[in-house]
file work_21.cif (mmCIF, C-alpha atoms and all ligand atoms)
data_target
#
loop_
_atom_site.label_atom_id
_atom_site.label_comp_id
_atom_site.auth_asym_id
_atom_site.auth_seq_id
_atom_site.Cartn_x
_atom_site.Cartn_y
_atom_site.Cartn_z
CA MET T 23 0.00 0.00 0.00
CA LEU T 24 1.27 3.47 -0.87
CA SER T 25 1.90 5.96 1.92
CA THR T 26 0.02 9.24 1.66
CA THR T 27 3.28 11.07 0.94
CA LEU T 28 4.20 8.74 -1.89
CA LEU T 29 0.68 8.74 -3.30
CA ASP T 30 0.65 12.57 -3.35
CA LYS T 31 4.02 12.68 -5.06
CA LEU T 32 3.05 10.04 -7.65
CA ASN T 33 -0.17 11.90 -8.38
CA HIS T 34 1.80 15.11 -8.73
CA GLN T 35 4.10 13.34 -11.19
CA ILE T 36 1.04 12.36 -13.27
CA ASN T 37 0.29 16.03 -13.63
CA LEU T 38 3.86 16.97 -14.47
CA GLU T 39 3.82 14.41 -17.28
CA VAL T 40 0.50 15.74 -18.61
CA SER T 41 1.83 19.28 -18.36
CA ALA T 42 4.95 18.25 -20.35
CA ALA T 43 2.68 16.61 -22.96
CA HIS T 44 0.67 19.81 -23.34
CA THR T 45 3.81 21.92 -23.53
CA TYR T 46 5.36 19.76 -26.25
CA LEU T 47 2.17 19.64 -28.28
CA GLN T 48 1.86 23.41 -28.08
CA MET T 49 5.53 23.71 -29.06
CA SER T 50 4.80 21.58 -32.13
CA ALA T 51 2.13 24.09 -33.17
CA TRP T 52 4.63 26.98 -32.96
CA LEU T 53 7.21 24.92 -34.87
CA LEU T 54 4.69 24.24 -37.63
CA SER T 55 4.03 27.98 -37.86
CA GLN T 56 7.79 28.40 -38.49
CA SER T 57 7.74 25.65 -41.17
CA LEU T 58 10.01 23.46 -39.04
CA ASP T 59 7.85 20.46 -39.89
CA ASN T 60 10.21 17.69 -38.77
CA THR T 61 10.95 19.33 -35.44
CA ALA T 62 7.21 19.86 -35.03
CA LEU T 63 6.65 16.14 -35.65
CA PHE T 64 9.36 15.26 -33.12
CA PHE T 65 7.62 17.37 -30.44
CA ARG T 66 4.20 16.02 -31.34
CA GLU T 67 5.48 12.47 -30.93
CA HIS T 68 7.18 13.41 -27.70
CA ALA T 69 3.91 14.82 -26.40
CA PHE T 70 2.43 11.37 -27.04
CA GLU T 71 5.34 9.76 -25.13
CA GLU T 72 4.70 11.99 -22.13
CA GLN T 73 1.08 10.84 -22.16
CA GLN T 74 2.35 7.25 -22.06
CA HIS T 75 4.56 8.18 -19.08
CA MET T 76 1.49 9.59 -17.40
CA LEU T 77 -0.56 6.45 -18.05
CA ARG T 78 2.14 4.20 -16.59
CA LEU T 79 1.91 6.16 -13.34
CA PHE T 80 -1.88 6.21 -13.52
CA ASP T 81 -2.00 2.40 -13.86
CA TYR T 82 0.59 1.81 -11.16
CA ILE T 83 -1.27 3.93 -8.61
CA ASN T 84 -4.55 2.18 -9.37
CA GLU T 85 -2.89 -1.26 -9.19
CA THR T 86 -1.83 -0.53 -5.60
CA GLY T 87 -5.50 -0.01 -4.69
CA ALA T 88 -5.13 3.77 -4.41
CA VAL T 89 -6.90 6.23 -6.71
CA ALA T 90 -4.98 8.24 -9.31
CA SER T 91 -5.90 11.89 -9.29
CA ILE T 92 -5.76 14.30 -12.22
CA GLU T 93 -5.31 17.98 -11.43
CA GLN T 94 -5.88 21.10 -13.46
CA ILE T 95 -3.06 21.82 -15.91
CA ASP T 96 -1.78 25.34 -16.61
CA LYS T 97 -2.01 26.55 -20.18
CA PRO T 98 1.39 26.23 -21.90
CA ALA T 99 3.19 29.16 -23.57
CA MET T 100 2.16 29.70 -27.20
CA ASN T 101 5.03 31.81 -28.51
CA TYR T 102 8.79 31.45 -28.51
CA ASP T 103 11.49 33.96 -29.41
CA SER T 104 13.44 31.41 -31.43
CA LEU T 105 14.03 27.72 -31.96
CA ILE T 106 16.89 27.88 -29.47
CA SER T 107 14.68 29.44 -26.83
CA LEU T 108 12.07 26.71 -27.40
CA LEU T 109 14.72 24.00 -27.07
CA GLU T 110 16.08 25.64 -23.89
CA GLN T 111 12.60 25.52 -22.42
CA ALA T 112 12.19 21.88 -23.45
CA CYS T 113 15.51 21.06 -21.72
CA ASN T 114 14.29 22.86 -18.59
CA GLU T 115 11.09 20.82 -18.73
CA GLU T 116 13.09 17.59 -18.81
CA ASP T 117 15.37 18.81 -15.95
CA LYS T 118 12.26 19.51 -13.92
CA LEU T 119 10.87 16.02 -14.62
CA THR T 120 14.19 14.41 -13.67
CA GLY T 121 14.32 16.39 -10.42
CA HIS T 122 10.85 15.22 -9.43
CA ILE T 123 11.56 11.60 -10.39
CA ASN T 124 14.70 11.71 -8.24
CA GLN T 125 12.69 13.05 -5.31
CA LEU T 126 10.18 10.23 -5.78
CA VAL T 127 12.99 7.67 -5.80
CA ASP T 128 14.40 9.22 -2.59
CA THR T 129 11.02 9.00 -0.90
CA ALA T 130 10.40 5.40 -2.00
CA LEU T 131 13.81 4.38 -0.68
CA HIS T 132 13.39 6.30 2.55
CA GLU T 133 10.02 4.57 3.12
CA LYS T 134 11.43 1.16 2.12
CA ASP T 135 8.72 0.89 -0.55
CA TYR T 136 10.77 -1.35 -2.83
CA SER T 137 7.95 -2.02 -5.26
CA THR T 138 7.59 1.68 -6.03
CA PHE T 139 11.36 2.06 -6.01
CA GLN T 140 11.58 -0.68 -8.66
CA PHE T 141 8.70 0.82 -10.67
CA LEU T 142 10.48 4.18 -10.76
CA GLN T 143 13.69 2.76 -12.22
CA TRP T 144 12.08 2.84 -15.68
CA TYR T 145 11.65 6.61 -15.31
CA VAL T 146 15.22 7.06 -14.08
CA ALA T 147 16.55 5.34 -17.22
CA ARG T 148 14.08 7.21 -19.45
CA GLN T 149 15.08 10.59 -18.04
CA HIS T 150 18.72 9.86 -18.71
CA GLU T 151 17.88 9.18 -22.39
CA GLU T 152 15.57 12.16 -22.72
CA GLU T 153 17.96 14.63 -21.14
CA HIS T 154 20.66 13.44 -23.50
CA LEU T 155 18.33 13.68 -26.51
CA PHE T 156 17.03 17.18 -25.75
CA ASN T 157 20.45 18.54 -24.74
CA SER T 158 22.02 17.24 -27.92
CA LEU T 159 19.28 18.91 -30.02
CA LEU T 160 19.92 22.19 -28.22
CA HIS T 161 23.66 21.82 -28.64
CA LYS T 162 23.27 21.18 -32.38
CA ALA T 163 20.87 24.10 -32.80
CA ARG T 164 23.42 26.39 -31.09
CA ILE T 165 26.21 25.15 -33.37
CA ILE T 166 24.12 25.58 -36.54
CA ASN T 167 23.24 29.10 -35.43
CA THR T 168 26.74 30.35 -36.33
CA LEU T 169 28.47 30.51 -39.71
CA GLU T 170 31.46 28.57 -38.41
CA GLY T 171 29.13 26.02 -36.83
CA ARG T 172 27.35 25.43 -40.15
CA ALA T 173 30.73 24.85 -41.81
CA LEU T 174 31.65 22.36 -39.08
CA PHE T 175 28.38 20.53 -39.57
CA ARG T 176 29.04 20.37 -43.29
CA PHE T 177 32.47 18.89 -42.55
CA ASP T 178 30.92 16.36 -40.18
CA GLU T 179 28.48 15.36 -42.92
CA GLU T 180 31.39 14.86 -45.34
CA VAL T 181 33.06 12.58 -42.78
CA ARG T 182 29.85 10.57 -42.50
CA LYS T 183 29.70 10.13 -46.27
CA ALA T 184 33.37 9.20 -46.56
CA ALA T 185 33.51 6.90 -43.54
CA PHE T 186 30.15 5.19 -43.68
CA ARG T 187 29.38 5.46 -47.43
CA HIS T 188 25.63 5.97 -47.08
FE1 LIG T 201 10.26 13.55 -21.32
O1 LIG T 201 9.87 12.58 -19.69
FE2 LIG T 201 8.31 11.95 -18.97
O2 LIG T 201 9.10 11.29 -17.45
#

call {"tool": "encode", "arguments": {"input": "work_21.cif", "output": "structure tokens"}}
result
Amino acid sequence: MLSTTLLDKLNHQINLEVSAAHTYLQMSAWLLSQSLDNTALFFREHAFEEQQHMLRLFDYINETGAVASIEQIDKPAMNYDSLISLLEQACNEEDKLTGHINQLVDTALHEKDYSTFQFLQWYVARQHEEEHLFNSLLHKARIINTLEGRALFRFDEEVRKAAFRH
């Protein structure tokens, strides 16, 4: 059985995941308005992934016999100054999610709730991947934003063609 503290934190995490899903979907709308169709698709798909993260938590809570609770979600920002600013905000969103997952893991361990601790390991691994993915997109966008960076990317592409021949 989940403690009240853990249940509250897990329910809060449900809402953080939904909030991230809304944010990414809204970001995809702005990206479409900038004709960045592939990046828009990436964010749209990521919004769907966040919904899956939410449902995993939702199911886990209900499986313990507790009741999952959905809160009101704030409206996400609609406009961004630039692609880089959007990516910075996406990275912040992922940092926030990681911070809350880590707090949940701490609580589960502190309470010796090993089932929840085990359940959360999936999120720990996922956050590692997602932080890496979003940070690398931001890093690339910053490089491409300069003339020298574009030349370096071109060079990198030439190396790919020469070394991997496809
Ligand atoms: Fe993008 O992450 Fe959920 O947890």

call {"tool": "residues_near_ligand", "arguments": {"input": "work_21.cif", "ligand": "ligand LIG 201 (chain T)", "cutoff": "7 Å", "atoms": "all atoms listed in the file", "output": "VMD selection string"}}
result
chain T and resid 39 72 75 116 119 145 148 to 149 152

call {"tool": "atom_distance", "arguments": {"input": "work_21.cif", "atom1": "atom CA of T:Leu155", "atom2": "atom CA of T:Thr61"}}
result
12.9 Å

call {"tool": "closest_residue", "arguments": {"input": "work_21.cif", "among": "T:Asn101, T:Leu29, T:Gly87, T:Phe70", "to": "T:Gln48", "atoms": "all atoms listed in the file"}}
result
T:Asn101

call {"tool": "closest_residue", "arguments": {"input": "work_21.cif", "among": "T:Asn124, T:Asn37, T:Ser107, T:Ser25", "to": "T:Ala163", "atoms": "all atoms listed in the file"}}
result
T:Ser107

call {"tool": "closest_residue", "arguments": {"input": "work_21.cif", "among": "T:Thr45, T:Ser50, T:Thr168, T:Gln125", "to": "T:Gln111", "atoms": "all atoms listed in the file"}}
result
T:Thr45

call {"tool": "atom_distance", "arguments": {"input": "work_21.cif", "atom1": "atom CA of T:Ile95", "atom2": "atom CA of T:Leu38"}}
result
8.6 Å

call {"tool": "atom_distance", "arguments": {"input": "work_21.cif", "atom1": "atom CA of T:Met76", "atom2": "atom CA of T:Phe156"}}
result
19.2 Å

call {"tool": "residues_around", "arguments": {"input": "work_21.cif", "residues": "T:Leu24", "least_positions_apart": "5", "cutoff": "9 Å", "atoms": "only C-alpha atoms", "output": "ChimeraX atom specification"}}
result
/T:29,83,86-88,135,138

call {"tool": "axis_aligned_box", "arguments": {"input": "work_21.cif", "around": "stretch 37-43 of chain T", "padding_each_side": "5 Å", "output": "AutoDock Vina command-line options"}}
result
--center_x 2.6 --center_y 16.8 --center_z -18.3 --size_x 14.7 --size_y 14.9 --size_z 19.3

call {"tool": "residues_around", "arguments": {"input": "work_21.cif", "residues": "T:Asp128", "least_positions_apart": "2", "cutoff": "12 Å", "atoms": "all atoms listed in the file", "output": "ChimeraX atom specification"}}
result
/T:27-28,31,121-126,130-136,138-140,142-143,146

call {"tool": "residues_around", "arguments": {"input": "work_21.cif", "residues": "T:Met100", "least_positions_apart": "3", "cutoff": "12 Å", "atoms": "only C-alpha atoms", "output": "JSON list (two decimals) with C-alpha atoms, in the coordinates of the input"}}
result
[["chain", "number", "residue", "atom", "x", "y", "z"],
["T", 44, "HIS", "CA", 0.67, 19.81, -23.34],
["T", 45, "THR", "CA", 3.81, 21.92, -23.53],
["T", 46, "TYR", "CA", 5.36, 19.76, -26.25],
["T", 47, "LEU", "CA", 2.17, 19.64, -28.28],
["T", 48, "GLN", "CA", 1.86, 23.41, -28.08],
["T", 49, "MET", "CA", 5.53, 23.71, -29.06],
["T", 50, "SER", "CA", 4.80, 21.58, -32.13],
["T", 51, "ALA", "CA", 2.13, 24.09, -33.17],
["T", 52, "TRP", "CA", 4.63, 26.98, -32.96],
["T", 53, "LEU", "CA", 7.21, 24.92, -34.87],
["T", 55, "SER", "CA", 4.03, 27.98, -37.86],
["T", 97, "LYS", "CA", -2.01, 26.55, -20.18],
["T", 103, "ASP", "CA", 11.49, 33.96, -29.41],
["T", 108, "LEU", "CA", 12.07, 26.71, -27.40]]

call {"tool": "closest_residue", "arguments": {"input": "work_21.cif", "among": "T:Asp30, T:Glu153, T:Asp117, T:Asp178", "to": "T:Ile92", "atoms": "only C-alpha atoms"}}
result
T:Asp30

call {"tool": "build_atoms", "arguments": {"input": "work_21.cif", "residues": "stretch 83-102 of chain T", "atoms": "N, CA and C atoms", "output": "JSON list (two decimals), in the coordinates of the input"}}
result
[["chain", "number", "residue", "atom", "x", "y", "z"],
["T", 83, "ILE", "N", -0.55, 3.46, -9.81],
["T", 83, "ILE", "CA", -1.27, 3.93, -8.61],
["T", 83, "ILE", "C", -2.54, 3.10, -8.42],
["T", 84, "ASN", "N", -3.29, 2.93, -9.49],
["T", 84, "ASN", "CA", -4.55, 2.18, -9.37],
["T", 84, "ASN", "C", -4.31, 0.71, -9.01],
["T", 85, "GLU", "N", -3.21, 0.15, -9.52],
["T", 85, "GLU", "CA", -2.89, -1.26, -9.19],
["T", 85, "GLU", "C", -2.60, -1.46, -7.70],
["T", 86, "THR", "N", -2.12, -0.39, -7.04],
["T", 86, "THR", "CA", -1.83, -0.53, -5.60],
["T", 86, "THR", "C", -3.11, -0.45, -4.77],
["T", 87, "GLY", "N", -4.23, -0.14, -5.42],
["T", 87, "GLY", "CA", -5.50, -0.01, -4.69],
["T", 87, "GLY", "C", -5.82, 1.43, -4.34],
["T", 88, "ALA", "N", -4.87, 2.35, -4.64],
["T", 88, "ALA", "CA", -5.13, 3.77, -4.41],
["T", 88, "ALA", "C", -5.84, 4.34, -5.65],
["T", 89, "VAL", "N", -6.17, 5.63, -5.59],
["T", 89, "VAL", "CA", -6.90, 6.23, -6.71],
["T", 89, "VAL", "C", -6.04, 7.35, -7.32],
["T", 90, "ALA", "N", -5.74, 7.20, -8.60],
["T", 90, "ALA", "CA", -4.98, 8.24, -9.31],
["T", 90, "ALA", "C", -5.83, 9.50, -9.39],
["T", 91, "SER", "N", -5.14, 10.64, -9.29],
["T", 91, "SER", "CA", -5.90, 11.89, -9.29],
["T", 91, "SER", "C", -5.32, 12.88, -10.31],
["T", 92, "ILE", "N", -6.19, 13.38, -11.17],
["T", 92, "ILE", "CA", -5.76, 14.30, -12.22],
["T", 92, "ILE", "C", -6.11, 15.73, -11.81],
["T", 93, "GLU", "N", -5.08, 16.58, -11.84],
["T", 93, "GLU", "CA", -5.31, 17.98, -11.43],
["T", 93, "GLU", "C", -5.50, 18.86, -12.66],
["T", 94, "GLN", "N", -5.75, 20.14, -12.36],
["T", 94, "GLN", "CA", -5.88, 21.10, -13.46],
["T", 94, "GLN", "C", -4.48, 21.43, -13.99],
["T", 95, "ILE", "N", -4.37, 21.55, -15.30],
["T", 95, "ILE", "CA", -3.06, 21.82, -15.91],
["T", 95, "ILE", "C", -3.03, 23.26, -16.42],
["T", 96, "ASP", "N", -1.92, 23.96, -16.12],
["T", 96, "ASP", "CA", -1.78, 25.34, -16.61],
["T", 96, "ASP", "C", -1.64, 25.36, -18.13],
["T", 97, "LYS", "N", -2.12, 26.42, -18.72],
["T", 97, "LYS", "CA", -2.01, 26.55, -20.18],
["T", 97, "LYS", "C", -0.53, 26.77, -20.55],
["T", 98, "PRO", "N", -0.02, 26.03, -21.53],
["T", 98, "PRO", "CA", 1.39, 26.23, -21.90],
["T", 98, "PRO", "C", 1.60, 27.51, -22.72],
["T", 99, "ALA", "N", 2.86, 27.98, -22.76],
["T", 99, "ALA", "CA", 3.19, 29.16, -23.57],
["T", 99, "ALA", "C", 2.93, 28.87, -25.03],
["T", 100, "MET", "N", 2.47, 29.90, -25.78],
["T", 100, "MET", "CA", 2.16, 29.70, -27.20],
["T", 100, "MET", "C", 3.25, 30.21, -28.13],
["T", 101, "ASN", "N", 4.04, 31.18, -27.63],
["T", 101, "ASN", "CA", 5.03, 31.81, -28.51],
["T", 101, "ASN", "C", 6.44, 31.66, -27.96],
["T", 102, "TYR", "N", 7.38, 31.60, -28.87],
["T", 102, "TYR", "CA", 8.79, 31.45, -28.51],
["T", 102, "TYR", "C", 9.59, 32.45, -29.32]]
